[in-house]
Structures are given as structure tokens and as C-alpha cells.
Amino acid sequence: MIKDFFEEAFRLAEQAIEDNTGGPFGAVIVRNNQIIGRGMNTVLRDHDPTAHAEINAIRDAARRIANHDLGRCFLVTTSEPCPMCLMAAVWSGVQKIYYAAPHSLADQYGFRDQKLAESISGRPVETIEVAEFGLQAKEIFETWKKQGGQIY
């Protein structure tokens, strides 16, 4: 079942690349095995440095259920959340986070999430679990790079 959620997150990341809205990132919020929120990176389109896929998915889910508390939900994302997105997920009450690409992979493509993450102490690692979708995550970065991906 988690594979289906990752497929949707990667579809959103591909859409972000195709539409040139931002980096190669997609995310979904899931509750009761149903996607209730979707997000892709829209930093470039929205001129908003906080418009990451995870933030957009959290916002979408909260609007759809008319509640800021996502305590019965989990987040599926194509890349390990940056510190901002991680804290937003924790703040929203998301119970678990599944991601495909670790910071180290994103860093190979010019992103700086690992450095930011290392600068923060007290990271709630027990709420994060890496999934076995690293190859698919690498492919999405390659697609983004071939399209002339822009780092923000």
C-alpha cells in the first residue's frame, strides 16, 4: 500500500519538474489509507521559499479536513524533509514520515538540506523512517537535472 502513496508523491515531483514550479519534490498526507493532501514544490512559481512539497501537502490536507491537527496521518515524501518541513510535520501532529531520498542524495544535486539538518539538535529521529525507494528518488533528481533544474 505504501508503494501507491510513493507513486503519487513521485507523480507530483514529476509534475513540479514538468511545470517548472520548483525542485523535484512531491509529498502526500495519508489518513485511514486515503490520500487527504497532496503537494509538490512550488517555490519558483509562488516566489515563496516555504512552498516545499511537504508544506503544501500539509496545507492541502488541513484545508480538506478543516482541521490543523493531522495526528492520525502520515507523510510520504520523495525526499527526506528539510528542517522546516520536518518541524511543520511534527507541529501538525503527523505520526510518521516515510521518505525515499536521503539528504545526502539531494546534496549531490546542489541542495543543502544535510547541512541545515546537521545544524539542528534534538531532531525527533524516532518519527522518521527511510523507505526503499532510493533508485526511484535518484531517477526523479536525474529528470529534474536534465530539464535544467534550478536550485533556490
# chains A, B, ... in the order shown; residues from 1 in each chain; ligands from 1
$ select_by_dssp --residues "segment 8-77 of chain A" --states "strand (DSSP E or B)" --output "PyMOL selection string"
chain A and resi 26-31+34-40+73-77
$ write_last_selection --atoms "N, CA, C and O atoms" --output "short mmCIF file (atom, residue, chain, number, x, y, z; two decimals), in the first residue's frame"
data_model
loop_
_atom_site.label_atom_id
_atom_site.label_comp_id
_atom_site.auth_asym_id
_atom_site.auth_seq_id
_atom_site.Cartn_x
_atom_site.Cartn_y
_atom_site.Cartn_z
N GLY A 26 7.80 15.86 -4.27
CA GLY A 26 6.37 15.64 -4.15
C GLY A 26 6.08 14.98 -2.81
O GLY A 26 6.93 14.29 -2.25
N ALA A 27 4.87 15.20 -2.30
CA ALA A 27 4.50 14.64 -1.00
C ALA A 27 3.00 14.44 -0.91
O ALA A 27 2.23 15.14 -1.57
N VAL A 28 2.61 13.48 -0.09
CA VAL A 28 1.19 13.26 0.20
C VAL A 28 1.01 13.04 1.70
O VAL A 28 1.90 12.53 2.38
N ILE A 29 -0.17 13.42 2.18
CA ILE A 29 -0.58 13.14 3.56
C ILE A 29 -1.65 12.06 3.47
O ILE A 29 -2.59 12.17 2.68
N VAL A 30 -1.51 11.03 4.31
CA VAL A 30 -2.41 9.88 4.27
C VAL A 30 -3.08 9.70 5.63
O VAL A 30 -2.42 9.77 6.67
N ARG A 31 -4.40 9.48 5.58
CA ARG A 31 -5.16 9.15 6.79
C ARG A 31 -6.12 8.03 6.43
O ARG A 31 -6.80 8.09 5.41
N GLN A 34 -6.06 6.67 2.92
CA GLN A 34 -6.55 7.53 1.84
C GLN A 34 -5.68 8.79 1.80
O GLN A 34 -5.36 9.37 2.85
N ILE A 35 -5.34 9.21 0.61
CA ILE A 35 -4.60 10.46 0.47
C ILE A 35 -5.57 11.62 0.73
O ILE A 35 -6.60 11.73 0.07
N ILE A 36 -5.23 12.44 1.71
CA ILE A 36 -6.09 13.59 2.02
C ILE A 36 -5.40 14.91 1.70
O ILE A 36 -6.03 15.97 1.80
N GLY A 37 -4.12 14.85 1.34
CA GLY A 37 -3.40 16.07 0.99
C GLY A 37 -2.30 15.76 0.00
O GLY A 37 -1.63 14.73 0.11
N ARG A 38 -2.13 16.65 -0.97
CA ARG A 38 -1.09 16.50 -1.99
C ARG A 38 -0.28 17.79 -2.07
O ARG A 38 -0.85 18.88 -1.93
N GLY A 39 1.00 17.64 -2.37
CA GLY A 39 1.82 18.83 -2.56
C GLY A 39 3.01 18.54 -3.44
O GLY A 39 3.54 17.43 -3.44
N MET A 40 3.38 19.54 -4.20
CA MET A 40 4.63 19.49 -4.95
C MET A 40 5.35 20.79 -4.67
O MET A 40 4.76 21.75 -4.16
N CYS A 73 -2.46 10.98 10.86
CA CYS A 73 -1.95 10.92 9.48
C CYS A 73 -0.48 10.56 9.44
O CYS A 73 0.23 10.65 10.43
N PHE A 74 -0.05 10.17 8.23
CA PHE A 74 1.39 10.05 7.98
C PHE A 74 1.72 10.76 6.68
O PHE A 74 0.85 11.01 5.85
N LEU A 75 2.99 11.11 6.55
CA LEU A 75 3.50 11.85 5.41
C LEU A 75 4.38 10.93 4.57
O LEU A 75 5.22 10.21 5.11
N VAL A 76 4.18 10.95 3.27
CA VAL A 76 5.02 10.22 2.32
C VAL A 76 5.62 11.26 1.40
O VAL A 76 4.90 12.07 0.80
N THR A 77 6.94 11.28 1.29
CA THR A 77 7.61 12.30 0.52
C THR A 77 8.79 11.73 -0.25
O THR A 77 9.40 10.74 0.18
#
$ residues_around --residues "Glu80 of chain A" --least-positions-apart "6" --cutoff "12 Å" --atoms "only C-alpha atoms" --output "PyMOL selection string"
chain A and resi 25-27+52-54+86+89+97-107+111-114+117+125+128-131+133-134+137
$ select_by_dssp --residues "chain A" --states "alpha helix (DSSP H)" --output "VMD selection string"
chain A and resid 2 to 19 43 to 46 53 to 65 83 to 92 103 to 107 113 to 118 134 to 146
$ closest_residue --among "A:Thr21, A:Ala9, A:Ala61, A:Arg72" --to "Asp48 of chain A" --atoms "only C-alpha atoms"
A:Thr21
$ atom_distance --atom1 "atom CA of Gln136 of chain A" --atom2 "atom CA of Ser79 of chain A"
10.6 Å
$ residues_around --residues "Arg45 of chain A" --least-positions-apart "3" --cutoff "9 Å" --atoms "only C-alpha atoms" --output "list in words"
Asp19, Asn20, Thr21, Gly22, Asn41, Thr42 and Asp48 of chain A
$ closest_residue --among "A:Lys96, A:Ala88, A:Glu118, A:Thr78" --to "Glu14 of chain A" --atoms "only C-alpha atoms"
A:Thr78
$ residues_around --residues "Leu70 of chain A" --least-positions-apart "4" --cutoff "7 Å" --atoms "only C-alpha atoms" --output "list in words"
Ser92, Gly93 and Val94 of chain A
$ closest_residue --among "A:Glu7, A:Ala16, A:Asn67, A:Cys85" --to "Thr50 of chain A" --atoms "only C-alpha atoms"
A:Cys85
$ closest_residue --among "A:Met84, A:Leu135, A:Ala57, A:Val90" --to "Leu116 of chain A" --atoms "only C-alpha atoms"
A:Met84
$ residues_around --residues "Pro24 of chain A" --least-positions-apart "5" --cutoff "6 Å" --atoms "only C-alpha atoms" --output "count of residues only"
3
$ closest_residue --among "A:Asp4, A:Asn33, A:Pro83, A:Gly71" --to "Ile55 of chain A" --atoms "only C-alpha atoms"
A:Pro83
